[in-house]
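Q: Got a structure for you, entry.txt, holding compact mmCIF, C-alpha atoms.
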```txt
# COMPACT_ATOMS: atom_id res chain seq x y z
CA MET R 182 16.02 10.99 13.60
CA LEU R 183 16.08 7.81 15.74
CA GLU R 184 13.86 9.53 18.30
CA LYS R 185 11.40 10.39 15.54
CA LEU R 186 11.49 6.81 14.23
CA GLY R 187 10.85 5.57 17.76
CA LEU R 188 7.81 7.83 17.99
CA TYR R 189 6.53 6.67 14.59
CA PHE R 190 6.94 3.00 15.54
CA SER R 191 4.52 3.53 18.42
CA PHE R 192 1.76 3.92 15.83
CA PRO R 193 0.23 0.49 15.02
CA PHE R 194 -0.36 1.39 11.37
CA VAL R 195 3.38 1.97 10.88
CA ARG R 196 4.16 -1.49 12.25
CA TYR R 197 1.47 -3.05 10.03
CA ALA R 198 2.80 -1.17 7.01
CA LEU R 199 6.37 -2.36 7.54
CA ILE R 200 5.45 -6.02 7.98
CA VAL R 201 2.93 -6.13 5.15
CA GLY R 202 5.29 -4.09 2.94
CA VAL R 203 8.14 -6.55 3.52
CA LEU R 204 5.91 -9.55 2.77
CA ILE R 205 4.53 -7.97 -0.42
CA ALA R 206 8.00 -6.94 -1.57
CA LEU R 207 9.26 -10.49 -1.02
CA CYS R 208 6.43 -12.07 -3.01
CA SER R 209 6.67 -9.65 -5.91
CA SER R 210 10.43 -10.12 -6.21
CA LEU R 211 10.22 -13.94 -6.17
CA PHE R 212 7.95 -14.01 -9.19
CA GLY R 213 9.54 -10.93 -10.73
CA VAL R 214 12.50 -13.03 -11.87
CA THR R 215 10.17 -15.47 -13.64
CA LEU R 216 8.21 -12.65 -15.29
CA VAL R 217 11.32 -10.88 -16.54
CA LEU R 218 12.84 -14.09 -17.91
CA LYS R 219 9.58 -15.10 -19.61
CA ARG R 220 9.30 -11.61 -21.17
CA PHE R 221 6.06 -11.00 -19.24
CA SER R 222 7.18 -7.82 -17.49
CA PHE R 223 4.11 -5.88 -18.58
CA ILE R 224 1.52 -8.46 -17.53
CA GLY R 225 1.77 -6.97 -14.06
CA ASP R 226 0.89 -3.57 -15.44
CA GLY R 227 -2.13 -4.91 -17.34
CA LEU R 228 -3.43 -6.85 -14.36
CA SER R 229 -2.98 -3.89 -12.04
CA HIS R 230 -5.26 -1.86 -14.29
CA VAL R 231 -7.78 -4.70 -14.17
CA ALA R 232 -7.54 -4.54 -10.37
CA PHE R 233 -8.21 -0.80 -10.58
CA GLY R 234 -11.34 -1.49 -12.65
CA ALA R 235 -12.49 -4.09 -10.11
CA MET R 236 -11.83 -1.64 -7.30
CA ALA R 237 -14.05 0.89 -9.06
CA ILE R 238 -16.85 -1.69 -9.25
CA ALA R 239 -16.38 -2.46 -5.54
CA ALA R 240 -16.62 1.26 -4.78
CA VAL R 241 -19.74 1.65 -6.91
CA ILE R 242 -21.57 -1.23 -5.19
CA ASN R 243 -20.30 0.12 -1.86
CA LEU R 244 -18.43 -2.96 -0.65
CA THR R 245 -16.87 -2.60 2.80
CA ASN R 246 -14.05 -5.03 2.06
CA GLU R 247 -13.20 -4.71 -1.61
CA MET R 248 -10.22 -7.07 -1.66
CA PRO R 249 -12.08 -10.39 -2.27
CA LEU R 250 -13.87 -8.97 -5.34
CA VAL R 251 -10.72 -7.32 -6.69
CA LEU R 252 -8.79 -10.53 -6.16
CA ALA R 253 -11.41 -12.68 -7.92
CA VAL R 254 -11.69 -10.39 -10.97
CA THR R 255 -7.91 -10.06 -11.32
CA VAL R 256 -7.36 -13.81 -11.07
CA VAL R 257 -10.05 -14.47 -13.72
CA CYS R 258 -8.46 -11.89 -16.03
CA ALA R 259 -4.99 -13.37 -15.47
CA VAL R 260 -6.29 -16.79 -16.49
CA LEU R 261 -8.19 -15.36 -19.47
CA LEU R 262 -5.14 -13.40 -20.56
CA LEU R 263 -3.07 -16.54 -20.53
CA ARG R 264 -5.68 -18.58 -22.41
CA THR R 265 -6.34 -15.75 -24.87
CA GLY R 266 -2.63 -15.55 -25.54
CA GLN R 267 -2.63 -19.20 -26.53
CA ASN R 268 -5.89 -19.75 -28.36
CA THR R 269 -6.99 -16.65 -30.23
CA LYS R 270 -5.76 -14.16 -32.76
CA ILE R 271 -5.18 -11.42 -30.18
CA LYS R 272 -1.90 -12.44 -28.59
CA GLY R 273 0.84 -11.27 -26.24
CA ASP R 274 1.35 -7.55 -25.86
CA ALA R 275 -1.84 -6.68 -27.78
CA ALA R 276 -4.00 -8.69 -25.38
CA VAL R 277 -2.25 -7.15 -22.36
CA ALA R 278 -2.61 -3.62 -23.79
CA MET R 279 -6.28 -4.20 -24.62
CA ILE R 280 -7.19 -5.46 -21.15
CA SER R 281 -4.99 -2.85 -19.48
CA VAL R 282 -6.42 0.30 -21.05
CA GLY R 283 -9.93 -1.16 -21.26
CA ALA R 284 -10.09 -1.87 -17.52
CA LEU R 285 -8.55 1.49 -16.65
CA ALA R 286 -11.05 3.39 -18.80
CA ILE R 287 -14.10 1.43 -17.60
CA GLY R 288 -12.96 1.75 -13.99
CA TYR R 289 -12.60 5.50 -14.20
CA LEU R 290 -15.88 5.83 -16.11
CA LEU R 291 -17.75 3.83 -13.45
CA MET R 292 -16.22 5.88 -10.65
CA ASN R 293 -17.31 9.08 -12.39
CA LEU R 294 -20.82 7.92 -13.24
CA PHE R 295 -21.61 6.40 -9.84
CA ALA R 296 -19.33 8.46 -7.61
CA LYS R 297 -20.03 7.76 -3.93
CA SER R 298 -17.15 9.85 -2.61
CA SER R 299 -16.95 13.62 -2.55
CA ASN R 300 -13.24 13.42 -3.40
CA LEU R 301 -13.24 11.37 -6.62
CA SER R 302 -9.92 12.63 -7.98
CA GLY R 303 -8.35 11.90 -4.60
CA ASP R 304 -9.65 8.33 -4.57
CA VAL R 305 -8.41 7.72 -8.12
CA CYS R 306 -5.04 9.30 -7.43
CA SER R 307 -4.60 7.28 -4.24
CA THR R 308 -5.45 4.02 -6.02
CA LEU R 309 -3.15 4.75 -8.94
CA PHE R 310 -0.15 5.99 -6.96
CA GLY R 311 -0.72 4.34 -3.56
CA SER R 312 0.10 7.53 -1.70
CA THR R 313 -0.67 6.21 1.80
CA SER R 314 -2.68 3.03 1.18
CA ILE R 315 -0.20 0.83 3.04
CA LEU R 316 -0.51 3.09 6.10
CA THR R 317 -4.30 3.01 6.15
CA LEU R 318 -4.91 -0.76 6.08
CA THR R 319 -7.53 -2.22 8.40
CA LYS R 320 -6.60 -5.12 10.65
CA THR R 321 -8.55 -7.52 8.39
CA GLU R 322 -6.65 -6.29 5.34
CA VAL R 323 -3.36 -6.71 7.20
CA TRP R 324 -4.19 -10.33 8.01
CA LEU R 325 -5.43 -11.00 4.47
CA CYS R 326 -2.23 -9.52 3.01
CA GLY R 327 -0.13 -11.54 5.44
CA ALA R 328 -1.93 -14.80 4.70
CA LEU R 329 -1.83 -14.33 0.92
CA SER R 330 1.86 -13.42 1.03
CA VAL R 331 2.61 -16.59 2.97
CA VAL R 332 0.62 -18.68 0.46
CA VAL R 333 2.56 -17.11 -2.43
CA ALA R 334 5.94 -17.65 -0.73
CA ILE R 335 5.08 -21.27 0.15
CA PHE R 336 3.95 -21.93 -3.44
CA PHE R 337 7.26 -20.60 -4.74
CA LEU R 338 9.20 -22.61 -2.16
CA PHE R 339 7.57 -25.94 -2.92
CA PHE R 340 7.35 -25.56 -6.71
CA TYR R 341 10.74 -23.89 -7.09
CA HIS R 342 12.14 -26.59 -9.46
CA LYS R 343 9.01 -26.67 -11.63
CA ILE R 344 8.92 -22.88 -11.85
CA PHE R 345 12.62 -22.94 -12.76
CA SER R 346 12.12 -25.43 -15.59
CA VAL R 347 8.97 -23.75 -16.95
CA THR R 348 10.71 -20.36 -16.83
CA PHE R 349 13.83 -21.38 -18.75
CA ASP R 350 12.68 -23.95 -21.29
CA GLU R 351 8.98 -24.70 -21.52
CA ASP R 352 9.42 -27.23 -24.35
CA PHE R 353 12.05 -29.16 -22.43
CA ALA R 354 9.91 -29.05 -19.30
CA ARG R 355 6.97 -30.44 -21.28
CA ALA R 356 9.16 -33.16 -22.82
CA THR R 357 10.28 -34.26 -19.36
CA GLY R 358 6.70 -34.67 -18.17
CA THR R 359 6.13 -31.34 -16.46
CA LYS R 360 2.61 -30.01 -17.01
CA ALA R 361 3.85 -26.65 -18.26
CA GLN R 362 0.35 -25.33 -19.01
CA VAL R 363 -0.85 -26.04 -15.48
CA TYR R 364 2.20 -24.35 -13.98
CA ASN R 365 1.83 -21.36 -16.30
CA LEU R 366 -1.78 -21.07 -15.16
CA LEU R 367 -0.76 -21.29 -11.50
CA ILE R 368 1.94 -18.67 -12.06
CA ALA R 369 -0.67 -16.38 -13.66
CA VAL R 370 -3.00 -16.82 -10.66
CA ILE R 371 -0.16 -16.15 -8.22
CA ILE R 372 0.89 -13.06 -10.21
CA ALA R 373 -2.70 -11.79 -9.96
CA VAL R 374 -2.63 -12.27 -6.18
CA ILE R 375 0.68 -10.40 -5.97
CA ILE R 376 -0.68 -7.54 -8.07
CA VAL R 377 -3.69 -7.10 -5.81
CA LEU R 378 -1.45 -7.15 -2.73
CA ALA R 379 1.09 -4.77 -4.26
CA MET R 380 -1.61 -2.23 -5.13
CA ASN R 381 -1.72 -1.43 -1.42
CA LEU R 382 1.99 -0.80 -1.35
CA VAL R 383 2.78 1.21 -4.46
CA GLY R 384 -0.54 1.80 -6.24
CA SER R 385 -1.64 0.26 -9.52
CA LEU R 386 0.51 2.37 -11.85
CA LEU R 387 3.79 1.57 -10.08
CA ILE R 388 3.40 -2.18 -9.56
CA SER R 389 5.56 -3.17 -12.52
CA ALA R 390 8.48 -1.35 -10.91
CA LEU R 391 8.10 -3.39 -7.73
CA VAL R 392 8.04 -6.60 -9.78
CA ILE R 393 10.83 -5.98 -12.29
CA PHE R 394 13.40 -3.63 -10.68
CA PRO R 395 14.67 -6.03 -7.98
CA ALA R 396 14.99 -8.84 -10.56
CA LEU R 397 16.79 -6.60 -13.07
CA SER R 398 19.10 -5.27 -10.34
CA ALA R 399 20.05 -8.81 -9.27
CA MET R 400 20.65 -9.82 -12.90
CA ARG R 401 23.29 -7.07 -13.24
CA VAL R 402 25.53 -8.93 -10.78
CA PHE R 403 24.41 -12.55 -10.48
CA LYS R 404 23.88 -15.12 -13.23
CA SER R 405 22.26 -18.27 -11.81
CA PHE R 406 18.48 -18.49 -11.27
CA ARG R 407 18.88 -19.23 -7.56
CA SER R 408 21.35 -16.42 -6.82
CA VAL R 409 19.30 -13.94 -8.85
CA THR R 410 16.12 -14.95 -6.99
CA VAL R 411 17.75 -14.70 -3.54
CA CYS R 412 19.42 -11.37 -4.36
CA SER R 413 16.20 -10.04 -5.90
CA ALA R 414 14.26 -10.93 -2.74
CA ILE R 415 16.83 -9.22 -0.50
CA VAL R 416 16.98 -6.11 -2.73
CA SER R 417 13.19 -5.86 -2.87
CA VAL R 418 12.70 -6.23 0.88
CA VAL R 419 15.50 -3.77 1.74
CA CYS R 420 14.22 -1.20 -0.81
CA ALA R 421 10.65 -1.52 0.47
CA LEU R 422 11.81 -1.03 4.06
CA ILE R 423 13.97 1.98 3.19
CA GLY R 424 11.21 3.44 1.01
CA ILE R 425 8.52 3.14 3.68
CA LEU R 426 10.81 4.58 6.37
CA LEU R 427 11.88 7.50 4.15
CA SER R 428 8.32 8.29 3.20
CA ILE R 429 7.10 8.41 6.81
CA LEU R 430 10.16 10.37 7.95
CA TYR R 431 10.11 12.97 5.19
CA GLY R 432 6.42 12.97 4.28
CA THR R 433 6.82 11.71 0.71
CA PRO R 434 4.34 9.44 -1.13
CA VAL R 435 5.01 5.82 -0.12
CA GLY R 436 4.70 4.17 -3.55
CA SER R 437 6.91 6.51 -5.53
CA THR R 438 9.51 6.63 -2.72
CA ILE R 439 9.84 2.83 -2.79
CA VAL R 440 10.18 2.87 -6.58
CA ALA R 441 12.80 5.67 -6.36
CA VAL R 442 14.81 3.51 -3.93
CA ASP R 443 14.42 0.54 -6.33
CA ILE R 444 15.77 2.69 -9.18
CA THR R 445 18.74 3.75 -7.02
CA ALA R 446 19.46 0.09 -6.21
CA PHE R 447 19.28 -0.75 -9.93
CA ILE R 448 21.86 1.97 -10.74
CA LEU R 449 24.14 0.75 -7.93
CA PHE R 450 23.88 -2.89 -9.08
CA THR R 451 24.56 -1.86 -12.69
CA LEU R 452 27.72 -0.08 -11.53
CA CYS R 453 28.74 -3.10 -9.42
CA GLY R 454 28.16 -5.43 -12.37
CA TRP R 455 30.22 -3.21 -14.66
CA LEU R 456 33.08 -3.06 -12.12
CA LEU R 457 33.00 -6.84 -11.63
CA ARG R 458 33.13 -7.50 -15.38
CA ARG R 459 36.06 -5.07 -15.73
CA ARG R 460 37.95 -6.82 -12.94
CA LEU R 461 37.33 -10.25 -14.49
CA ALA R 462 38.30 -9.09 -18.00
CA MET S 214 17.07 -22.69 1.11
CA LYS S 215 13.62 -24.05 2.01
CA LYS S 216 14.60 -24.12 5.69
CA LEU S 217 15.87 -20.55 5.54
CA PHE S 218 12.69 -19.38 3.83
CA SER S 219 10.46 -21.22 6.28
CA VAL S 220 12.26 -19.71 9.28
CA TRP S 221 12.00 -16.25 7.72
CA LEU S 222 8.28 -16.67 7.04
CA ILE S 223 7.64 -17.87 10.60
CA VAL S 224 9.50 -14.82 11.95
CA MET S 225 7.42 -12.48 9.75
CA LEU S 226 4.17 -14.15 10.84
CA ALA S 227 5.19 -13.88 14.48
CA LEU S 228 5.90 -10.18 13.96
CA LEU S 229 2.55 -9.75 12.23
CA THR S 230 0.77 -11.45 15.12
CA ALA S 231 2.64 -9.27 17.61
CA ALA S 232 1.86 -6.09 15.66
CA CYS S 233 -1.82 -6.91 15.27
CA GLY S 234 -2.23 -8.21 18.79
CA LYS S 235 -1.74 -4.81 20.39
CA VAL S 236 -4.67 -2.58 21.10
CA ALA S 237 -4.94 0.01 18.33
CA GLU S 238 -3.59 2.85 20.40
CA THR S 239 -0.71 5.16 19.79
CA ALA S 240 1.87 5.98 22.42
CA GLU S 241 0.22 9.34 22.83
CA THR S 242 -3.29 7.99 23.25
CA LYS S 243 -2.38 5.69 26.12
CA LYS S 244 -2.45 8.52 28.68
CA PRO S 245 -5.82 9.89 29.81
CA ALA S 246 -6.68 13.40 28.73
CA GLU S 247 -5.55 16.03 31.20
CA ALA S 248 -6.42 19.71 31.25
CA GLY S 249 -3.99 21.76 29.16
CA LYS S 250 -2.19 18.64 27.93
CA THR S 251 -2.07 17.42 24.33
CA ASP S 252 -2.63 13.68 23.92
CA ILE S 253 -2.12 13.53 20.17
CA ASP S 254 0.17 16.16 18.70
CA LEU S 255 -0.14 15.91 14.93
CA THR S 256 2.02 18.99 14.38
CA VAL S 257 5.24 17.05 15.12
CA LEU S 258 4.52 14.34 12.54
CA SER S 259 5.46 14.25 8.84
CA SER S 260 2.67 14.89 6.32
CA THR S 261 2.39 11.18 5.45
CA MET S 262 2.02 10.30 9.13
CA VAL S 263 -0.47 13.10 9.78
CA TYR S 264 -2.66 12.01 6.88
CA SER S 265 -2.56 8.36 8.01
CA GLU S 266 -3.31 9.22 11.64
CA VAL S 267 -6.23 11.50 10.73
CA TYR S 268 -7.51 8.75 8.41
CA ASN S 269 -7.40 6.37 11.40
CA MET S 270 -9.16 8.93 13.61
CA VAL S 271 -11.95 9.24 11.07
CA SER S 272 -12.16 5.45 10.44
CA ASN S 273 -11.83 4.30 14.07
CA PRO S 274 -13.08 7.28 16.10
CA GLU S 275 -13.85 5.20 19.20
CA ASN S 276 -10.13 4.92 20.01
CA TYR S 277 -9.73 8.69 20.09
CA LEU S 278 -12.83 9.99 21.92
CA GLY S 279 -11.96 12.36 24.79
CA LYS S 280 -8.35 12.84 23.66
CA THR S 281 -6.92 16.30 23.23
CA VAL S 282 -5.72 16.66 19.65
CA LYS S 283 -3.45 19.34 18.23
CA MET S 284 -3.35 19.69 14.46
CA SER S 285 -2.29 22.11 11.75
CA GLY S 286 -3.99 22.50 8.41
CA SER S 287 -5.97 24.77 6.17
CA VAL S 288 -9.45 25.92 7.05
CA ALA S 289 -12.50 24.83 5.07
CA THR S 290 -16.10 25.79 5.78
CA PHE S 291 -19.42 24.12 5.06
CA ASP S 292 -22.79 25.85 5.35
CA GLY S 293 -25.83 24.00 6.59
CA GLU S 294 -28.57 23.68 9.25
CA GLY S 295 -28.45 27.42 9.99
CA ARG S 296 -24.78 27.49 10.90
CA THR S 297 -21.32 27.33 9.36
CA TYR S 298 -19.16 24.32 10.08
CA TYR S 299 -15.39 24.85 10.27
CA ALA S 300 -12.88 22.09 9.53
CA CYS S 301 -9.12 21.76 9.67
CA ILE S 302 -8.04 19.99 6.47
CA ILE S 303 -4.75 18.18 5.87
CA ALA S 304 -3.56 16.79 2.51
CA ASP S 305 -1.56 13.63 1.86
CA ALA S 306 1.91 13.60 0.33
CA THR S 307 0.61 13.49 -3.25
CA ALA S 308 -1.72 16.39 -2.38
CA CYS S 309 -4.58 14.63 -4.14
CA CYS S 310 -6.29 13.25 -1.03
CA SER S 311 -7.31 15.19 2.02
CA GLN S 312 -8.77 14.41 5.41
CA GLY S 313 -10.29 16.90 7.79
CA ILE S 314 -11.73 17.24 11.27
CA GLU S 315 -14.44 19.72 12.18
CA PHE S 316 -13.64 22.06 15.06
CA LEU S 317 -15.69 24.23 17.38
CA LEU S 318 -13.87 27.06 19.15
CA LYS S 319 -14.25 27.67 22.91
CA ASP S 320 -17.12 29.87 24.06
CA SER S 321 -14.63 32.67 24.81
CA TYR S 322 -14.10 33.05 21.06
CA ARG S 323 -16.45 35.34 19.12
CA PRO S 324 -17.86 34.37 15.69
CA GLU S 325 -15.54 36.87 14.01
CA ASP S 326 -12.55 35.10 15.59
CA TYR S 327 -13.05 32.10 13.31
CA PRO S 328 -10.33 31.98 10.63
CA GLY S 329 -11.04 32.50 6.94
CA VAL S 330 -11.24 29.77 4.31
CA GLY S 331 -7.79 28.58 3.19
CA GLU S 332 -6.00 30.08 6.18
CA THR S 333 -3.41 27.82 7.80
CA VAL S 334 -4.22 27.32 11.48
CA THR S 335 -3.15 25.22 14.45
CA VAL S 336 -6.14 23.92 16.39
CA THR S 337 -6.11 22.17 19.76
CA GLY S 338 -9.34 20.61 20.98
CA VAL S 339 -10.98 17.56 22.50
CA PHE S 340 -12.08 14.87 20.03
CA ASP S 341 -15.80 14.39 20.54
CA ARG S 342 -18.89 12.88 18.93
CA TYR S 343 -22.26 14.49 18.21
CA TYR S 344 -25.48 13.52 16.46
CA GLU S 345 -27.56 15.37 13.90
CA GLY S 346 -30.70 13.34 13.25
CA GLU S 347 -29.53 9.78 12.75
CA GLU S 348 -26.08 10.78 11.51
CA VAL S 349 -23.07 10.72 13.79
CA TYR S 350 -20.29 13.28 13.36
CA TYR S 351 -16.95 13.89 15.04
CA GLN S 352 -15.38 17.21 15.92
CA LEU S 353 -12.80 18.92 18.13
CA ILE S 354 -14.70 20.76 20.86
CA ASP S 355 -13.46 23.50 23.19
CA SER S 356 -10.82 24.26 20.60
CA VAL S 357 -8.24 26.99 20.83
CA LEU S 358 -6.29 28.49 17.96
CA GLY S 359 -2.51 28.82 17.82
```
Turn the structure described in the file into structure tokens.

A:
Amino acid sequence: MLEKLGLYFSFPFVRYALIVGVLIALCSSLFGVTLVLKRFSFIGDGLSHVAFGAMAIAAVINLTNEMPLVLAVTVVCAVLLLRTGQNTKIKGDAAVAMISVGALAIGYLLMNLFAKSSNLSGDVCSTLFGSTSILTLTKTEVWLCGALSVVVAIFFLFFYHKIFSVTFDEDFARATGTKAQVYNLLIAVIIAVIIVLAMNLVGSLLISALVIFPALSAMRVFKSFRSVTVCSAIVSVVCALIGILLSILYGTPVGSTIVAVDITAFILFTLCGWLLRRRLA
Amino acid sequence: MKKLFSVWLIVMLALLTAACGKVAETAETKKPAEAGKTDIDLTVLSSTMVYSEVYNMVSNPENYLGKTVKMSGSVATFDGEGRTYYACIIADATACCSQGIEFLLKDSYRPEDYPGVGETVTVTGVFDRYYEGEEVYYQLIDSVLG
């Protein structure tokens, strides 16, 4: 097996996939904790469908590099979703559901009406489930993913305390002078960036798993925000690495293999948490 | 924690730079093509790897021109311009996407030696480029079956 791994590592796209996969997994797990605690777990799902719709538009207008357009549309929708949630009658889960299914349907419709590829179902399937997307990135996409991941990680690092206060008690944060609305907006933009990046790793239907599973796993064992965040980041990175390696070794789809490893980690952490509570009781 | 994170990020960026800095060649493609020698053996790779490598061959063909490629897949045919084109098709792990490379058997093969549609074959040939009008296509020439 090690010999086979050695052979696979000689392929540049495997090295790119591992590095980009680790960076994406790290970013998604950092903000996953915030999303789970703020009860926004499904925003990721909604935005990933928006990204799918944007990708369809990019395919229809035959863009060589679709990521800038997809990123712009997803960020705009993330901001709109947040504002819509605050100012209009359509709120919370209804707004997310509306945007989610709407974008998915329009995206698929556009791809069908203006199909450029001879393998439409293949393109759709690949985008939804990310079968090998992470292994077929161009060098430009690798750099873009790397740069965006670094921006996201730096944002989290430098605004850690603000994110912490906005996540736990928005009213208290506002009362102590924190501009909660601005930070919520920034978090929404960052989430949109993460979603677009994560589409390459696990596909648009499986993104929520990448965002929430590491956070939920860490919460089974740890209780403080910091320990949960650190544990979540480690779990996410390790699961992504194992998932990518398993998928290239055994020829399984990358996205669903990573999610399967995430589910296994969640079960293990739940067992650990249960054992720890029993010992303490 | 900030220090730890910063160090980790720098390490990842350094790795990214190192990974991207290399010429986009595989270990197999580094050696020049020799007679009777396979430069890229896709038959020893997992299906995910095969799909990704063929995707790269189709997207960045310049890196693979002149290399002897061995691949396994199912046969598909396309009719046009007074002849039938044969391709070796491989599917990805979800079986929803497929990539293929056209192949042309050696002159010693007769037309009836070409395999039927859907048959699983192993083809070894030299990755080459040809033009039809203004369009450029890629195929395995001087291919042998088995």

Q: Measure the distance from atom CA of R:Ser281 to atom CA of R:Ser229 in Å and round it to one decimal.

A: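 Straight-line distance from atom CA of R:Ser281 to atom CA of R:Ser229 works out to 7.8 Å.
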
Q: Which residue, S:Asp355, S:Asp320, S:Glu315, S:Glu345, has the smallest gap to S:Ile303 when you use all atoms listed in the file?

A: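 Under the stated criterion, the closest residue is S:Glu315.
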
Q: Give as a PDB file with C-alpha atoms, keeping the file's coordinate frame every residue of chain R that touches chain S within 6 Å, counting all atoms listed in the file.

A:
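File part.pdb, as written:
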```pdb
ATOM      1  CA  SER R 191       4.520   3.530  18.420  1.00  0.00           C
ATOM      2  CA  PHE R 192       1.760   3.920  15.830  1.00  0.00           C
ATOM      3  CA  GLY R 303      -8.350  11.900  -4.600  1.00  0.00           C
ATOM      4  CA  LEU R 316      -0.510   3.090   6.100  1.00  0.00           C
ATOM      5  CA  THR R 317      -4.300   3.010   6.150  1.00  0.00           C
ATOM      6  CA  ILE R 429       7.100   8.410   6.810  1.00  0.00           C
ATOM      7  CA  GLY R 432       6.420  12.970   4.280  1.00  0.00           C
ATOM      8  CA  THR R 433       6.820  11.710   0.710  1.00  0.00           C
ATOM      9  CA  PRO R 434       4.340   9.440  -1.130  1.00  0.00           C
TER      10      PRO R 434
END
```

Q: What's the separation between atom CA of R:Val217 and atom CA of R:Ile393, in Å to one decimal place?

A: 6.5 Å

Q: Atom CA of R:Val277 and atom CA of R:Phe212 are how many Å apart?

A: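 It comes out at 18.0 Å.
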
Q: Counting all atoms listed in the file, I want the residues whose atoms come within 6 Å of (-14.1, 19.7, 8.1) in the file frame, returned as a PyMOL selection string.

A: chain S and resi 299-301+313-315

Q: With distances taken over only C-alpha atoms, which of R:Leu199, R:Ile425, R:Cys420, R:Asn246 is nearest to R:Thr319?

A: R:Asn246

Q: Could you give me the axis-aligned bounding box of stretch 447-457 of chain R, with 6 Å of padding per side, as centre plus edge lengths in Å to one decimal, as lines of an AutoDock Vina configuration file?

A:
```
center_x = 26.2
center_y = -2.4
center_z = -11.3
size_x = 25.8
size_y = 20.8
size_z = 18.7
```

Q: Using all atoms listed in the file, which protein or nucleic acid residues come within 6 Å of stretch 276-280 of chain S? Drop anything in the same chain fewer than 6 positions from it, and give the result as a list in words.

A: Ala246, Asp252, Val339, Phe340 and Asp341 of chain S

Q: Mind checking which residues fall within 9 Å of stretch 334-336 of chain S, counting all atoms listed in the file, ignoring those fewer than 4 positions away in the same chain, and posting them as a ChimeraX atom specification?

A: /S:256,282-288,301,316,318,328,353,356-359

Q: Could you give me, as a ChimeraX atom specification, the residues that sit within 12 Å of (18.2, -6.4, 0.0) in the file's coordinates, counting all atoms listed in the file?

A: /R:203,206-207,210,395-396,398-399,409-423,442-443,446-447,450
